[in-house]
file run.csv (CSV, C-alpha atoms and all ligand atoms)
chain,number,residue,atom,x,y,z
A,167,MET,CA,33.6,85.7,129.8
A,168,SER,CA,33.1,88.6,127.5
A,169,GLU,CA,34.3,88.5,123.9
A,170,ILE,CA,36.9,91.1,124.7
A,171,GLU,CA,38.2,89.1,127.6
A,172,LYS,CA,38.3,85.9,125.5
A,173,LYS,CA,40.4,87.8,122.9
A,174,TRP,CA,42.7,89.1,125.5
A,175,GLN,CA,43.2,85.6,127.0
A,176,LYS,CA,44.0,84.4,123.5
A,177,PHE,CA,46.5,87.2,123.0
A,178,LEU,CA,48.1,86.6,126.5
A,179,ALA,CA,48.5,82.9,125.8
A,180,GLN,CA,51.2,83.7,123.2
A,181,GLU,CA,54.9,83.8,124.1
A,182,GLU,CA,56.0,87.2,125.4
A,183,SER,CA,58.3,87.6,122.4
A,184,GLU,CA,55.3,87.4,120.1
A,185,ARG,CA,53.2,89.8,122.2
A,186,ALA,CA,56.1,92.3,122.3
A,187,LYS,CA,55.9,92.5,118.5
A,188,TYR,CA,52.3,93.7,118.7
A,189,PHE,CA,53.5,96.9,120.5
A,190,MET,CA,56.1,97.8,117.8
A,191,SER,CA,55.0,100.4,115.2
A,192,ASN,CA,55.7,100.6,111.5
A,193,ARG,CA,57.8,103.7,112.0
A,194,THR,CA,61.5,103.1,111.2
A,195,ARG,CA,64.6,105.3,111.5
A,196,ILE,CA,68.2,105.2,110.2
A,197,ASP,CA,67.5,103.4,107.0
A,198,GLY,CA,65.1,100.9,108.6
A,199,ARG,CA,67.5,99.7,111.2
A,200,VAL,CA,65.6,101.2,114.1
A,201,VAL,CA,62.0,100.2,114.6
A,202,LEU,CA,60.1,102.4,117.1
A,203,PRO,CA,57.6,101.0,119.5
A,204,ASP,CA,54.1,102.4,119.6
A,205,SER,CA,53.7,101.5,123.3
A,206,ILE,CA,56.4,100.7,125.8
A,207,ILE,CA,55.4,97.6,127.6
A,208,PHE,CA,58.4,95.1,127.7
A,209,PRO,CA,62.1,95.6,128.1
A,210,ARG,CA,62.6,93.1,125.3
A,211,GLN,CA,61.2,95.7,122.8
A,212,PHE,CA,64.5,97.5,123.0
A,213,ASN,CA,67.3,96.1,120.8
A,214,ARG,CA,70.8,97.6,120.5
A,215,GLU,CA,70.1,99.9,117.6
A,216,LEU,CA,67.0,101.3,119.2
A,217,LEU,CA,68.8,101.8,122.5
A,218,GLU,CA,71.7,103.6,120.8
A,219,TYR,CA,69.3,105.9,119.0
A,220,LEU,CA,67.5,106.7,122.3
A,221,PHE,CA,70.8,107.4,124.1
A,222,ARG,CA,71.8,109.9,121.3
A,223,LEU,CA,68.4,111.5,121.6
A,224,ALA,CA,68.8,111.8,125.4
A,225,ASP,CA,72.3,113.4,125.0
A,226,ALA,CA,70.9,115.9,122.5
A,227,VAL,CA,67.9,116.7,124.8
A,228,ARG,CA,69.9,117.2,127.9
A,229,ASP,CA,72.3,119.6,126.2
A,230,LEU,CA,69.5,121.6,124.6
A,231,GLU,CA,67.7,121.9,127.9
A,232,ASN,CA,70.8,123.4,129.4
A,233,VAL,CA,70.6,126.5,127.4
A,234,SER,CA,67.6,128.8,127.2
A,235,ASP,CA,67.3,128.7,123.4
A,236,GLY,CA,67.4,124.9,123.5
A,237,ALA,CA,64.9,124.7,126.3
A,238,ARG,CA,62.5,127.0,124.4
A,239,PHE,CA,62.9,124.8,121.3
A,240,LEU,CA,62.0,121.7,123.3
A,241,LYS,CA,58.8,123.4,124.5
A,242,SER,CA,57.7,124.5,121.1
A,243,ILE,CA,57.9,121.3,118.9
A,244,ASP,CA,54.9,122.1,116.8
A,245,PRO,CA,53.1,118.6,116.6
A,246,LEU,CA,53.2,118.5,120.4
A,247,ALA,CA,51.1,121.7,120.8
A,248,ASN,CA,47.9,119.9,121.3
A,249,LYS,CA,49.2,116.8,123.2
A,250,ARG,CA,48.6,115.9,126.8
A,251,VAL,CA,49.9,113.1,129.0
A,252,LEU,CA,48.2,111.4,131.9
A,253,HIS,CA,49.5,109.2,134.7
A,254,PHE,CA,47.6,106.4,136.3
A,255,PHE,CA,49.6,105.1,139.3
A,256,GLY,CA,48.1,102.4,141.3
A,257,GLN,CA,51.3,101.8,143.4
A,258,PRO,CA,53.5,104.2,145.3
A,259,SER,CA,56.1,106.1,143.3
A,260,THR,CA,58.4,109.1,143.7
A,261,ARG,CA,61.0,109.0,140.9
A,262,THR,CA,59.0,107.3,138.2
A,263,LEU,CA,56.0,109.6,138.6
A,264,LEU,CA,58.0,112.8,139.0
A,265,SER,CA,60.5,112.1,136.3
A,266,HIS,CA,57.6,111.5,133.8
A,267,GLN,CA,55.9,114.7,135.0
A,268,SER,CA,59.2,116.6,134.7
A,269,ALA,CA,59.9,115.1,131.3
A,270,SER,CA,56.5,116.3,130.1
A,271,MET,CA,57.3,119.8,131.4
A,272,VAL,CA,60.6,119.7,129.4
A,273,LEU,CA,58.4,119.3,126.3
A,274,GLY,CA,55.8,121.8,127.4
A,275,LEU,CA,53.2,119.0,127.6
A,276,PRO,CA,50.5,119.5,130.1
A,277,ASN,CA,50.0,116.5,132.3
A,278,SER,CA,47.6,115.2,134.9
A,279,SER,CA,47.6,112.3,137.3
A,280,LEU,CA,45.2,109.9,138.8
A,281,ILE,CA,46.9,108.3,141.8
A,282,GLY,CA,45.4,105.2,143.5
A,283,SER,CA,42.3,103.4,142.3
A,284,GLU,CA,40.4,104.5,145.4
A,285,THR,CA,40.1,108.0,144.0
A,286,SER,CA,38.9,106.9,140.6
A,287,SER,CA,35.4,105.7,139.7
A,288,GLN,CA,36.7,102.2,140.1
A,289,ALA,CA,35.6,102.7,143.7
A,290,LYS,CA,32.1,103.0,142.4
A,291,GLY,CA,32.4,99.7,140.6
A,292,GLU,CA,33.6,100.9,137.2
A,293,SER,CA,35.5,98.3,135.2
A,294,ARG,CA,39.3,98.9,135.0
A,295,LEU,CA,39.2,99.0,131.2
A,296,ASP,CA,36.4,101.6,131.2
A,297,THR,CA,38.5,103.8,133.5
A,298,MET,CA,41.4,103.4,131.0
A,299,ALA,CA,39.2,104.1,128.0
A,300,THR,CA,38.1,107.3,129.8
A,301,LEU,CA,41.7,108.3,130.3
A,302,ALA,CA,42.4,107.8,126.6
A,303,GLU,CA,39.7,110.4,125.8
A,304,TYR,CA,41.6,113.0,127.7
A,305,ALA,CA,45.2,112.2,127.0
A,306,ASP,CA,47.5,111.3,124.1
A,307,ILE,CA,49.8,109.0,126.2
A,308,ILE,CA,48.9,107.2,129.4
A,309,ILE,CA,51.7,106.2,131.8
A,310,ILE,CA,50.6,103.4,134.0
A,311,ARG,CA,52.0,101.7,137.1
A,312,ASP,CA,50.0,98.8,138.5
A,313,LYS,CA,50.2,95.9,140.9
A,314,GLU,CA,48.0,93.6,138.9
A,315,LYS,CA,50.1,91.2,136.7
A,316,ASP,CA,49.7,92.0,132.9
A,317,PHE,CA,47.3,94.9,133.5
A,318,VAL,CA,49.5,97.5,131.8
A,319,GLU,CA,49.9,95.3,128.8
A,320,LYS,CA,46.2,94.6,128.8
A,321,VAL,CA,45.4,98.3,128.6
A,322,ALA,CA,47.8,98.9,125.7
A,323,TRP,CA,46.4,95.9,123.9
A,324,TYR,CA,42.8,97.0,124.5
A,325,LEU,CA,43.4,100.6,123.4
A,326,LYS,CA,45.2,99.5,120.3
A,327,ALA,CA,42.6,96.9,119.4
A,328,TYR,CA,39.4,98.7,120.5
A,329,GLY,CA,40.3,102.3,121.5
A,330,ASN,CA,38.3,105.2,120.2
A,331,ARG,CA,41.4,107.2,119.4
A,332,PRO,CA,45.2,106.3,119.3
A,333,CYS,CA,46.7,106.4,122.8
A,334,PRO,CA,50.2,104.8,123.4
A,335,VAL,CA,50.8,103.4,126.9
A,336,ILE,CA,54.0,103.5,128.9
A,337,ASN,CA,54.6,100.8,131.4
A,338,ALA,CA,55.9,102.6,134.5
A,339,GLY,CA,56.1,99.3,136.5
A,340,SER,CA,53.8,96.3,136.3
A,341,TYR,CA,53.6,93.9,139.2
A,342,SER,CA,57.0,92.5,140.1
A,343,ASP,CA,57.5,91.6,136.4
A,344,HIS,CA,58.5,94.5,134.2
A,345,HIS,CA,59.8,98.1,134.5
A,346,PRO,CA,61.2,98.8,131.0
A,347,THR,CA,61.9,102.5,131.4
A,348,GLN,CA,63.9,101.8,134.6
A,349,ALA,CA,66.1,99.4,132.5
A,350,GLN,CA,66.4,102.1,129.8
A,351,LEU,CA,67.7,104.7,132.3
A,352,ASP,CA,70.0,102.2,134.0
A,353,TYR,CA,71.6,101.3,130.7
A,354,TYR,CA,71.8,104.9,129.7
A,355,THR,CA,73.7,105.6,132.9
A,356,MET,CA,76.1,102.7,132.2
A,357,HIS,CA,76.4,103.8,128.6
A,358,ARG,CA,77.5,107.3,129.7
A,359,TRP,CA,79.9,106.1,132.3
A,360,PHE,CA,81.6,103.5,130.1
A,361,LYS,CA,81.6,105.6,127.0
A,362,ASN,CA,85.3,106.2,127.3
A,363,ARG,CA,86.0,103.0,129.0
A,364,GLY,CA,85.4,100.5,126.2
A,365,GLY,CA,81.5,100.7,126.4
A,366,VAL,CA,79.1,98.4,128.3
A,367,GLU,CA,80.3,95.4,126.3
A,368,GLY,CA,82.3,92.9,128.3
A,369,LYS,CA,81.4,94.5,131.7
A,370,THR,CA,80.3,92.6,134.7
A,371,ILE,CA,77.1,93.8,136.4
A,372,LEU,CA,76.6,92.5,139.9
A,373,PHE,CA,73.0,92.7,141.1
A,374,VAL,CA,72.7,92.5,144.9
A,375,GLY,CA,69.9,91.8,147.3
A,376,ASP,CA,66.4,91.0,146.1
A,377,CYS,CA,66.6,89.8,142.5
A,378,ARG,CA,62.9,89.0,142.3
A,379,GLY,CA,62.0,92.7,141.6
A,380,ARG,CA,61.0,94.2,138.3
A,381,ALA,CA,64.1,96.5,138.1
A,382,VAL,CA,66.6,93.7,138.2
A,383,ARG,CA,64.5,91.5,135.9
A,384,SER,CA,64.1,94.3,133.3
A,385,ASN,CA,67.9,95.0,133.4
A,386,ALA,CA,68.6,91.4,132.8
A,387,TYR,CA,66.5,91.5,129.6
A,388,LEU,CA,68.6,94.3,128.1
A,389,ALA,CA,71.9,92.6,128.8
A,390,ARG,CA,71.7,90.5,125.6
A,391,ASN,CA,72.3,93.7,123.6
A,392,TYR,CA,75.8,94.0,124.9
A,393,PRO,CA,78.2,91.2,123.8
A,394,GLY,CA,80.4,89.9,126.5
A,395,VAL,CA,78.4,91.3,129.4
A,396,LYS,CA,78.3,89.0,132.5
A,397,LEU,CA,75.6,89.2,135.1
A,398,ILE,CA,76.1,88.1,138.7
A,399,PHE,CA,73.0,87.8,140.8
A,400,ALA,CA,74.0,87.8,144.5
A,401,SER,CA,71.0,87.3,146.8
A,402,PRO,CA,69.8,85.4,149.8
A,403,CYS,CA,68.5,82.0,148.8
A,404,ASP,CA,64.9,83.1,149.0
A,405,MET,CA,65.3,86.2,146.8
A,406,LYS,CA,66.9,84.6,143.8
A,407,ILE,CA,66.5,85.7,140.2
A,408,GLY,CA,63.6,83.8,138.6
A,409,SER,CA,64.2,80.7,136.5
A,410,ASP,CA,62.3,82.4,133.6
A,411,ILE,CA,65.1,85.1,133.4
A,412,GLN,CA,67.8,82.4,133.8
A,413,ASP,CA,66.3,80.6,130.8
A,414,TYR,CA,66.1,83.8,128.8
A,415,LEU,CA,69.7,84.6,129.5
A,416,ALA,CA,70.8,81.1,128.6
A,417,ARG,CA,68.8,81.2,125.4
A,418,HIS,CA,70.5,84.5,124.4
A,419,ASP,CA,74.0,83.4,125.3
A,420,VAL,CA,74.4,85.9,128.2
A,421,SER,CA,76.7,84.5,130.8
A,422,PHE,CA,75.5,84.7,134.3
A,423,GLU,CA,76.1,83.4,137.8
A,424,VAL,CA,73.8,83.0,140.7
A,425,THR,CA,75.4,83.2,144.2
A,426,GLU,CA,74.8,84.0,147.8
A,427,ASP,CA,78.2,85.5,148.3
A,428,PHE,CA,78.1,89.2,147.6
A,429,GLY,CA,81.5,90.0,149.1
A,430,GLY,CA,83.2,87.4,147.0
A,431,ALA,CA,81.9,89.0,143.8
A,432,ILE,CA,82.8,92.6,144.5
A,433,SER,CA,86.3,92.6,142.9
A,434,GLU,CA,84.9,91.3,139.6
A,435,ALA,CA,82.2,93.9,139.3
A,436,ASP,CA,82.2,96.9,137.0
A,437,VAL,CA,78.7,97.8,138.2
A,438,ILE,CA,77.2,97.0,141.6
A,439,TYR,CA,73.4,97.4,141.4
A,440,LEU,CA,71.9,97.3,144.8
A,441,THR,CA,68.2,96.7,145.5
A,442,ARG,CA,65.7,96.9,148.3
A,443,VAL,CA,63.8,93.9,149.6
A,444,GLN,CA,60.5,93.7,147.6
A,445,ASN,CA,58.5,92.6,150.6
A,446,GLU,CA,55.2,94.1,149.3
A,447,TYR,CA,54.9,91.3,146.7
A,448,PHE,CA,56.3,88.4,148.6
A,449,GLU,CA,55.7,88.9,152.3
A,450,LYS,CA,53.2,90.3,154.7
A,451,VAL,CA,53.9,94.1,154.9
A,452,THR,CA,54.3,95.3,158.4
A,453,ASP,CA,55.9,98.5,159.8
A,454,GLU,CA,59.0,96.4,160.6
A,455,SER,CA,59.2,95.0,157.1
A,456,LYS,CA,59.1,98.5,155.6
A,457,LYS,CA,62.5,99.0,157.2
A,458,TYR,CA,63.8,95.6,156.4
A,459,PHE,CA,67.0,95.0,154.6
A,460,HIS,CA,69.4,92.1,154.5
A,461,PRO,CA,72.7,93.1,156.2
A,462,ASP,CA,74.7,90.5,154.2
A,463,PHE,CA,73.6,92.2,151.0
A,464,ALA,CA,74.4,95.8,152.0
A,465,LEU,CA,77.4,97.9,150.8
A,466,THR,CA,79.1,98.9,154.0
A,467,PRO,CA,81.9,101.5,154.1
A,468,GLU,CA,84.3,98.6,154.8
A,469,LEU,CA,83.2,96.7,151.6
A,470,MET,CA,83.3,100.0,149.7
A,471,ARG,CA,87.1,99.9,150.1
A,472,GLU,CA,87.2,96.7,148.1
A,473,VAL,CA,85.3,98.3,145.1
A,474,ASN,CA,87.5,99.1,142.1
A,475,VAL,CA,88.1,102.8,141.2
A,476,ASP,CA,86.2,102.6,137.9
A,477,THR,CA,83.3,100.5,139.3
A,478,ILE,CA,80.0,102.3,139.7
A,479,ILE,CA,77.3,101.8,142.3
A,480,MET,CA,73.7,102.0,141.2
A,481,HIS,CA,70.3,101.6,142.9
A,482,PRO,CA,66.8,102.1,141.4
A,483,LEU,CA,65.7,103.5,144.7
A,484,PRO,CA,64.0,103.7,147.2
A,485,ARG,CA,66.7,102.4,149.4
A,486,ARG,CA,66.8,101.2,152.9
A,487,GLY,CA,69.9,100.1,154.7
A,488,GLU,CA,71.6,98.5,151.7
A,489,LEU,CA,73.3,101.7,150.6
A,490,PRO,CA,74.1,104.0,153.5
A,491,PRO,CA,73.7,107.7,152.6
A,492,GLU,CA,77.2,108.5,154.0
A,493,LEU,CA,78.6,106.8,150.8
A,494,ASP,CA,76.8,109.2,148.5
A,495,ASN,CA,79.7,111.6,148.3
A,496,ASP,CA,81.9,108.8,146.9
A,497,PRO,CA,82.2,109.6,143.1
A,498,ARG,CA,81.5,106.0,142.3
A,499,VAL,CA,78.0,106.2,143.7
A,500,LYS,CA,75.8,107.2,140.7
A,501,ILE,CA,72.4,107.0,142.2
A,502,TRP,CA,71.5,110.7,141.8
A,503,SER,CA,72.7,111.0,138.2
A,504,GLN,CA,70.9,107.7,137.5
A,505,THR,CA,67.7,109.4,139.0
A,506,ARG,CA,68.2,112.5,136.7
A,507,ASN,CA,68.9,110.3,133.7
A,508,GLY,CA,65.4,108.9,134.3
A,509,MET,CA,64.0,112.3,133.3
A,510,TRP,CA,66.0,112.5,130.1
A,511,MET,CA,65.1,109.0,129.0
A,512,ARG,CA,61.4,109.7,129.6
A,513,VAL,CA,61.6,112.9,127.5
A,514,VAL,CA,63.0,110.6,124.7
A,515,ASN,CA,60.2,108.1,125.1
A,516,PHE,CA,57.6,110.9,124.6
A,517,LEU,CA,59.5,112.0,121.5
A,518,ILE,CA,59.4,108.6,119.9
A,519,LEU,CA,55.9,107.8,120.9
A,520,PHE,CA,54.7,111.1,119.5
A,521,GLY,CA,56.9,110.5,116.4
A,522,VAL,CA,58.7,113.9,116.7
A,523,ASP,CA,62.2,112.4,117.4
A,524,GLN,CA,63.3,113.5,113.9
A,525,GLU,CA,62.8,117.1,114.9
A,526,MET,CA,65.6,116.5,117.3
A,527,VAL,CA,67.8,115.0,114.7
A,528,ARG,CA,67.2,118.0,112.5
A,529,LYS,CA,67.9,120.4,115.4
A,530,SER,CA,71.1,118.6,116.7
A,531,PRO,CA,72.4,116.6,113.7
A,532,GLU,CA,75.9,116.3,115.3
A,533,TYR,CA,74.6,113.8,117.9
A,534,PHE,CA,73.5,111.4,115.2
A,535,ARG,CA,76.6,111.1,113.0
B,601,LIG,C1,61.6,100.5,141.7
B,601,LIG,C2,60.2,99.9,141.4
B,601,LIG,O1,59.2,100.6,141.7
B,601,LIG,O2,60.1,98.8,141.0
B,601,LIG,N1,61.6,101.8,141.9
B,601,LIG,C3,61.6,102.7,140.9
B,601,LIG,O3,60.8,102.7,140.0
B,601,LIG,N2,62.7,103.6,140.9
B,601,LIG,C4,62.3,99.7,142.7
B,601,LIG,C5,61.7,99.4,144.0
B,601,LIG,O4,60.6,99.8,144.4
B,601,LIG,O5,62.4,98.8,144.8
call {"tool": "encode", "arguments": {"input": "run.csv", "output": "structure tokens"}}
result
Amino acid sequence: MSEIEKKWQKFLAQEESERAKYFMSNRTRIDGRVVLPDSIIFPRQFNRELLEYLFRLADAVRDLENVSDGARFLKSIDPLANKRVLHFFGQPSTRTLLSHQSASMVLGLPNSSLIGSETSSQAKGESRLDTMATLAEYADIIIIRDKEKDFVEKVAWYLKAYGNRPCPVINAGSYSDHHPTQAQLDYYTMHRWFKNRGGVEGKTILFVGDCRGRAVRSNAYLARNYPGVKLIFASPCDMKIGSDIQDYLARHDVSFEVTEDFGGAISEADVIYLTRVQNEYFEKVTDESKKYFHPDFALTPELMREVNVDTIIMHPLPRRGELPPELDNDPRVKIWSQTRNGMWMRVVNFLILFGVDQEMVRKSPEYFR
């Protein structure tokens, strides 16, 4: 084992809460109450103060982008003039890739993409870390999605400890473990919807379907930031939320329930968060399994009649049969605004990682009072 590999194994042997601290910067905002990350790796890097700050930034960005003067401002933030972003996606993606690309366009940041290891020099036997070190020579932020457990974290750790130049990393989905920016955009969507309805505090979020996936897991990590939130995980018995998440929730006093009865939980829910079966991690992927969904964990038009008027329906997408498109016109279905919110949150992530968020505060101070 190489020296670097030994050091990485030693780092990885620590608790995740310790490792998360390594990816926080020494940049603070709002009288030291907000600490910015220097790479985005874990959902647990986001506490309430940081989330609130990011949501304000996102509101400011979306309103600026809507008017041509504002859109021009966003494309001309001076310290970004020589910055570039690069995507390395080793797993399929539509929204996460395109929303990051679109977010970089909002800021006038040129971006390039390397999709699939088979087109990189890894196919010629290059080590994965060498590929990443190469990317860091061409880019100022790397956005990575990967199926190998802990790989995104390893790259961020490696570049911070050994990199030739600073290059933050954004985790765009690692294995079935973490998808921190998905959780950010999901909470941003809830934050906006519940803004005039008492906030996210005290609401009940019902996760439905496959609770083993990184989107549900990452959402669960953020729940501790909202006092009184209750989580219900409704899934078939072989797709239950992991015991590590259950332990985490118990340790942080988040109330939760694990059930196989989706229908029985509907009337209690303020948010119904549907999911697709994550068969690529847990089962043999066949053409049939690509279409597979669990009919008992789908929102049918009949069940939709039992959903409260102020309850929203969310889904990280892609969907299969669990949320039929004919329900999309129902105003409670928020999947498309959730999708667009992904772009705003990712603009904000670029702003904080490049340390230019204060330019936004100066430009739109009314959002930060
Ligand atoms: C999710 C993912 O990739 O984990 N999709 C996404 O990023 N919007 C959810 C999924 O694939 O089911």
call {"tool": "atom_distance", "arguments": {"input": "run.csv", "atom1": "CA of Phe360 in chain A", "atom2": "CA of Pro467 in chain A"}}
result
24.1 Å
call {"tool": "residues_near_ligand", "arguments": {"input": "run.csv", "ligand": "ligand LIG 601 (chain B)", "cutoff": "6 Å", "atoms": "only C-alpha atoms and all ligand atoms", "output": "ChimeraX atom specification"}}
result
/A:261-262,380-381,442,482-484
call {"tool": "residues_around", "arguments": {"input": "run.csv", "residues": "range 265-278 of chain A", "least_positions_apart": "6", "cutoff": "10 Å", "atoms": "all atoms listed in the file", "output": "VMD selection string"}}
result
chain A and resid 227 to 228 231 237 to 243 246 to 254 304 to 305 307 to 309 338 505 to 517
call {"tool": "atom_distance", "arguments": {"input": "run.csv", "atom1": "CA of Val321 in chain A", "atom2": "CA of Leu280 in chain A"}}
result
15.4 Å
call {"tool": "atom_distance", "arguments": {"input": "run.csv", "atom1": "CA of Leu217 in chain A", "atom2": "CA of Ile438 in chain A"}}
result
21.4 Å
call {"tool": "residues_near_point", "arguments": {"input": "run.csv", "point": "(78.2, 98.3, 154.6)", "cutoff": "10 Å", "atoms": "only C-alpha atoms", "output": "tab-separated table (two decimals) with C-alpha atoms, keeping the file's coordinate frame"}}
result
chain	number	residue	atom	x	y	z
A	461	PRO	CA	72.70	93.10	156.20
A	462	ASP	CA	74.70	90.50	154.20
A	463	PHE	CA	73.60	92.20	151.00
A	464	ALA	CA	74.40	95.80	152.00
A	465	LEU	CA	77.40	97.90	150.80
A	466	THR	CA	79.10	98.90	154.00
A	467	PRO	CA	81.90	101.50	154.10
A	468	GLU	CA	84.30	98.60	154.80
A	469	LEU	CA	83.20	96.70	151.60
A	470	MET	CA	83.30	100.00	149.70
A	487	GLY	CA	69.90	100.10	154.70
A	488	GLU	CA	71.60	98.50	151.70
A	489	LEU	CA	73.30	101.70	150.60
A	490	PRO	CA	74.10	104.00	153.50
A	493	LEU	CA	78.60	106.80	150.80
